[in-house]
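Undergrad: Mind having a look at this structure? Questions to follow.
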Amino acid sequence: MQIQTLISQAKKLIETPQDNFPVLIFHCREKQNLHRVHFFQPTLMLVLRGTKQISGPAQSSCTAGNLILVSSEHQFPFANIPDDFYMALAIGFQPDDFPTQTITEENIKLEVKEAPKSLLTLIQQLLDLSHSELPNSVLSARRKELAGLLTHLNLDKALRCPLTPPWQTRLATLLQTDISKEWKLENVCKTLGTSESNLRRRLQQENTGFREVLEDLRFTFGLGMIQTTHLPINQIALECGYQSASRFSERFKKRFLTTPSELRQAL
């Protein structure tokens, strides 16, 4: 019954998406295969309809009522498989959403759990606020409340941030303040309080680089906007820092093995 109520609430949010609302709704009527999706913040996903098929080492088949809890800086391939349609919600958390005493260095990247009724109830209450035009401070407080319940239920292991955030996390936190901006490495280093050589070395140790993080972040944002907004592809390209929609589509396909138009057509 709770899942049906959440589906009803999610459909309203699909029809009229709300800027800055902490819950995103992903849906499709045709199967979506998404290659190597990167999560830049700790994320809770709840499958409401259909199946999310996770590939790779954490292979799992997640159906309605399953939680997928993903750590920041983790990436994995998955497929969204509808019965008559597929629907899931996602909530991204900030580092300070969880109590500091629970911060850990445990290396848990992904967990799949059955959603407890108390958690479904709190998510339902959050969705009730989707069209209330509340200030961000109120919505942030409700997100923290949800994080507190996850901690109480011992479901926060993959969501807690490490004591020392990776450099790519620090970089991504800065870049996502204005994803369309033409970022320069020199200015980024000044803001982060480090030298260009040190940042390059630190990112190299994490098997990435400045341009890789920036592009991956842009495509992650683009992926979300394609699936959760009604914006045209050319506008999404601009929002992601690409003046050319064709260039955006070309790079997007190389990253996810599908084009933005193909992804939008599956909705």
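Residue numbering restarts at 1 in every chain; chains get A, B, ... in the order shown in the structure tokens, and ligands count up from 1 in that same order.
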Set out as a Markdown table a contact list for stretch 230-265 of chain A and stretch 15-30 of chain A with a cut-off of 12 Å, giving each residue of stretch 230-265 of chain A that qualifies its closest atom pair and distance in Å to one decimal, counting only C-alpha atoms, ordered by chain and rising residue number.
TA:
```
| residue | atom | partner | partner_atom | distance |
| --- | --- | --- | --- | --- |
| A:His230 | CA | A:Pro17 | CA | 8.2 |
| A:Leu231 | CA | A:Pro17 | CA | 10.5 |
| A:Glu262 | CA | A:Glu30 | CA | 10.2 |
| A:Leu263 | CA | A:Cys28 | CA | 8.8 |
| A:Arg264 | CA | A:Cys28 | CA | 8.6 |
| A:Gln265 | CA | A:Glu30 | CA | 8.4 |
```
Undergrad: Include N, CA and C atoms and write out the residues we just selected as a PDB file, in the first residue's frame.
TA:
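Saved the output as part_39.pdb:
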```pdb
ATOM      1  N   HIS A 230      11.653  18.171 -18.264  1.00  0.00           N
ATOM      2  CA  HIS A 230      11.095  18.242 -19.617  1.00  0.00           C
ATOM      3  C   HIS A 230      11.929  19.150 -20.519  1.00  0.00           C
ATOM      4  N   LEU A 231      13.124  19.503 -20.083  1.00  0.00           N
ATOM      5  CA  LEU A 231      13.974  20.405 -20.860  1.00  0.00           C
ATOM      6  C   LEU A 231      14.401  19.758 -22.178  1.00  0.00           C
ATOM      7  N   GLU A 262      17.879   8.889 -27.494  1.00  0.00           N
ATOM      8  CA  GLU A 262      17.440   7.508 -27.269  1.00  0.00           C
ATOM      9  C   GLU A 262      16.967   7.308 -25.839  1.00  0.00           C
ATOM     10  N   LEU A 263      17.674   7.923 -24.914  1.00  0.00           N
ATOM     11  CA  LEU A 263      17.289   7.816 -23.494  1.00  0.00           C
ATOM     12  C   LEU A 263      15.949   8.499 -23.251  1.00  0.00           C
ATOM     13  N   ARG A 264      15.763   9.676 -23.840  1.00  0.00           N
ATOM     14  CA  ARG A 264      14.509  10.422 -23.661  1.00  0.00           C
ATOM     15  C   ARG A 264      13.339   9.668 -24.301  1.00  0.00           C
ATOM     16  N   GLN A 265      13.573   9.019 -25.437  1.00  0.00           N
ATOM     17  CA  GLN A 265      12.504   8.300 -26.128  1.00  0.00           C
ATOM     18  C   GLN A 265      12.000   7.098 -25.347  1.00  0.00           C
TER      19      GLN A 265
END
```
Undergrad: A:Gln205: which residues within 12 Å, counting only C-alpha atoms, same-chain residues fewer than 4 positions away excluded, as a count of residues only?
TA: 8
Undergrad: Within 10 Å of A:Lys117, counting only C-alpha atoms, which residues qualify if same-chain residues fewer than 6 places away don't, as a PyMOL selection string?
TA: chain A and resi 2-3+65+123
Undergrad: Mind checking DSSP for stretch 107-158 of chain A and telling me the strand (DSSP E or B) residues as a count of residues only?
TA: 5
Undergrad: My list of candidates is A:Pro260, A:Thr169, A:Ile7, A:His38. Which is closest to A:Asp216 when distances are computed with only C-alpha atoms?
TA: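 Between A:Pro260, A:Thr169, A:Ile7, A:His38, the residue approaching A:Asp216 most closely is A:His38.
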Undergrad: Within 8 Å of A:Leu185, counting only C-alpha atoms, which residues qualify if same-chain residues fewer than 2 places away don't, as a ChimeraX atom specification?
TA: /A:183,187-189,196,210
Undergrad: Determine which residues of stretch 47-168 of chain A DSSP labels as helix (DSSP H, G or I) from the backbone of this structure, then write them out as a PyMOL selection string.
TA: chain A and resi 95-97+100-102+117-127+136-152+167-168
Undergrad: Excluding A:Pro165 and residues on its chain fewer than 2 positions from it, collect all residues at most 12 Å away from it, counting only C-alpha atoms, and give them as a list of chain:residue names.
TA: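 Selected residues are A:Phe40, A:Gln41, A:Ser71, A:Ser72, A:Glu73, A:Pro95, A:Ile103, A:Thr104, A:Glu105, A:Arg160, A:Cys161, A:Pro162, A:Leu163, A:Trp167, A:Gln168, A:Thr169, A:Arg170, A:Leu171, A:Ala172, A:Thr173, A:Arg202, A:Glu206.
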Undergrad: Write a file of the just-selected residues containing N, CA and C atoms, as a PDB file, in the first residue's frame.
TA:
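As a result, again-v7.pdb now contains:
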```
ATOM      1  N   PHE A  40      28.318  10.988  -7.521  1.00  0.00           N
ATOM      2  CA  PHE A  40      29.212  11.962  -6.910  1.00  0.00           C
ATOM      3  C   PHE A  40      28.813  12.317  -5.484  1.00  0.00           C
ATOM      4  N   GLN A  41      27.693  11.804  -5.020  1.00  0.00           N
ATOM      5  CA  GLN A  41      27.301  12.022  -3.631  1.00  0.00           C
ATOM      6  C   GLN A  41      26.622  10.761  -3.131  1.00  0.00           C
ATOM      7  N   SER A  71      27.618   4.655  -2.199  1.00  0.00           N
ATOM      8  CA  SER A  71      28.570   5.617  -1.663  1.00  0.00           C
ATOM      9  C   SER A  71      28.959   6.640  -2.725  1.00  0.00           C
ATOM     10  N   SER A  72      29.506   7.755  -2.282  1.00  0.00           N
ATOM     11  CA  SER A  72      30.004   8.750  -3.225  1.00  0.00           C
ATOM     12  C   SER A  72      31.241   8.200  -3.932  1.00  0.00           C
ATOM     13  N   GLU A  73      31.474   8.674  -5.146  1.00  0.00           N
ATOM     14  CA  GLU A  73      32.597   8.282  -5.990  1.00  0.00           C
ATOM     15  C   GLU A  73      32.539   6.821  -6.413  1.00  0.00           C
ATOM     16  N   PRO A  95      27.531  15.641   2.926  1.00  0.00           N
ATOM     17  CA  PRO A  95      28.413  15.050   3.942  1.00  0.00           C
ATOM     18  C   PRO A  95      27.963  15.310   5.381  1.00  0.00           C
ATOM     19  N   ILE A 103      30.811   8.741  11.222  1.00  0.00           N
ATOM     20  CA  ILE A 103      31.723   8.752  10.078  1.00  0.00           C
ATOM     21  C   ILE A 103      32.731   7.622  10.226  1.00  0.00           C
ATOM     22  N   THR A 104      33.024   6.966   9.123  1.00  0.00           N
ATOM     23  CA  THR A 104      33.847   5.768   9.173  1.00  0.00           C
ATOM     24  C   THR A 104      34.728   5.672   7.945  1.00  0.00           C
ATOM     25  N   GLU A 105      35.735   4.834   8.024  1.00  0.00           N
ATOM     26  CA  GLU A 105      36.591   4.564   6.877  1.00  0.00           C
ATOM     27  C   GLU A 105      36.215   3.221   6.235  1.00  0.00           C
ATOM     28  N   ARG A 160      27.811   7.059   4.549  1.00  0.00           N
ATOM     29  CA  ARG A 160      28.677   7.911   5.360  1.00  0.00           C
ATOM     30  C   ARG A 160      29.924   8.295   4.582  1.00  0.00           C
ATOM     31  N   CYS A 161      30.364   9.522   4.733  1.00  0.00           N
ATOM     32  CA  CYS A 161      31.570   9.988   4.050  1.00  0.00           C
ATOM     33  C   CYS A 161      32.806   9.572   4.836  1.00  0.00           C
ATOM     34  N   PRO A 162      33.921   9.290   4.157  1.00  0.00           N
ATOM     35  CA  PRO A 162      35.162   8.945   4.869  1.00  0.00           C
ATOM     36  C   PRO A 162      35.697  10.143   5.638  1.00  0.00           C
ATOM     37  N   LEU A 163      36.526   9.875   6.620  1.00  0.00           N
ATOM     38  CA  LEU A 163      37.096  10.950   7.429  1.00  0.00           C
ATOM     39  C   LEU A 163      37.885  11.936   6.572  1.00  0.00           C
ATOM     40  N   TRP A 167      40.253  13.526  -3.145  1.00  0.00           N
ATOM     41  CA  TRP A 167      40.416  14.805  -3.827  1.00  0.00           C
ATOM     42  C   TRP A 167      39.379  14.988  -4.931  1.00  0.00           C
ATOM     43  N   GLN A 168      38.973  13.897  -5.576  1.00  0.00           N
ATOM     44  CA  GLN A 168      37.954  14.047  -6.620  1.00  0.00           C
ATOM     45  C   GLN A 168      36.616  14.466  -6.025  1.00  0.00           C
ATOM     46  N   THR A 169      36.355  14.076  -4.770  1.00  0.00           N
ATOM     47  CA  THR A 169      35.143  14.522  -4.095  1.00  0.00           C
ATOM     48  C   THR A 169      35.211  16.012  -3.801  1.00  0.00           C
ATOM     49  N   ARG A 170      36.353  16.473  -3.296  1.00  0.00           N
ATOM     50  CA  ARG A 170      36.524  17.896  -3.033  1.00  0.00           C
ATOM     51  C   ARG A 170      36.383  18.702  -4.323  1.00  0.00           C
ATOM     52  N   LEU A 171      36.987  18.188  -5.390  1.00  0.00           N
ATOM     53  CA  LEU A 171      36.908  18.870  -6.678  1.00  0.00           C
ATOM     54  C   LEU A 171      35.466  18.902  -7.185  1.00  0.00           C
ATOM     55  N   ALA A 172      34.780  17.762  -7.137  1.00  0.00           N
ATOM     56  CA  ALA A 172      33.402  17.687  -7.638  1.00  0.00           C
ATOM     57  C   ALA A 172      32.467  18.590  -6.841  1.00  0.00           C
ATOM     58  N   THR A 173      32.689  18.692  -5.527  1.00  0.00           N
ATOM     59  CA  THR A 173      31.859  19.558  -4.692  1.00  0.00           C
ATOM     60  C   THR A 173      31.945  21.001  -5.159  1.00  0.00           C
ATOM     61  N   ARG A 202      47.455  14.171  -6.850  1.00  0.00           N
ATOM     62  CA  ARG A 202      46.447  13.533  -6.002  1.00  0.00           C
ATOM     63  C   ARG A 202      45.361  12.855  -6.843  1.00  0.00           C
ATOM     64  N   GLU A 206      44.199   8.726  -7.625  1.00  0.00           N
ATOM     65  CA  GLU A 206      42.825   8.221  -7.580  1.00  0.00           C
ATOM     66  C   GLU A 206      42.346   7.786  -8.960  1.00  0.00           C
TER      67      GLU A 206
END
```
Undergrad: I'd like the neighbourhood of A:Ile81 as a compact mmCIF listing (two decimals) with C-alpha atoms, in the first residue's frame, where a residue qualifies if any of its atoms comes within 7 Å (using only C-alpha atoms), though same-chain residues fewer than 3 positions away should be ignored.
TA:
```
# COMPACT_ATOMS: atom_id res chain seq x y z
CA LYS A 31 14.37 -0.89 -21.09
CA GLN A 32 17.34 1.39 -20.38
CA GLY A 50 9.79 -2.70 -12.44
CA THR A 51 13.35 -3.92 -11.86
CA LYS A 52 16.77 -2.33 -11.57
CA TYR A 86 9.76 1.40 -14.45
```
Undergrad: Taking only C-alpha atoms into account, which of A:Leu126, A:Ala237, A:Leu159, A:Leu214 comes nearest A:Asn107?
TA: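 Nearest candidate to A:Asn107 out of A:Leu126, A:Ala237, A:Leu159, A:Leu214: A:Leu159.
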Undergrad: So that I can see what lies close to A:His152, please list as an MDAnalysis selection string the residues with an atom at most 12 Å from it, counting only C-alpha atoms and leaving out residues fewer than 5 positions away in the same chain.
TA: chainID A and resid 98:99 102 116 118:119 145:147 157
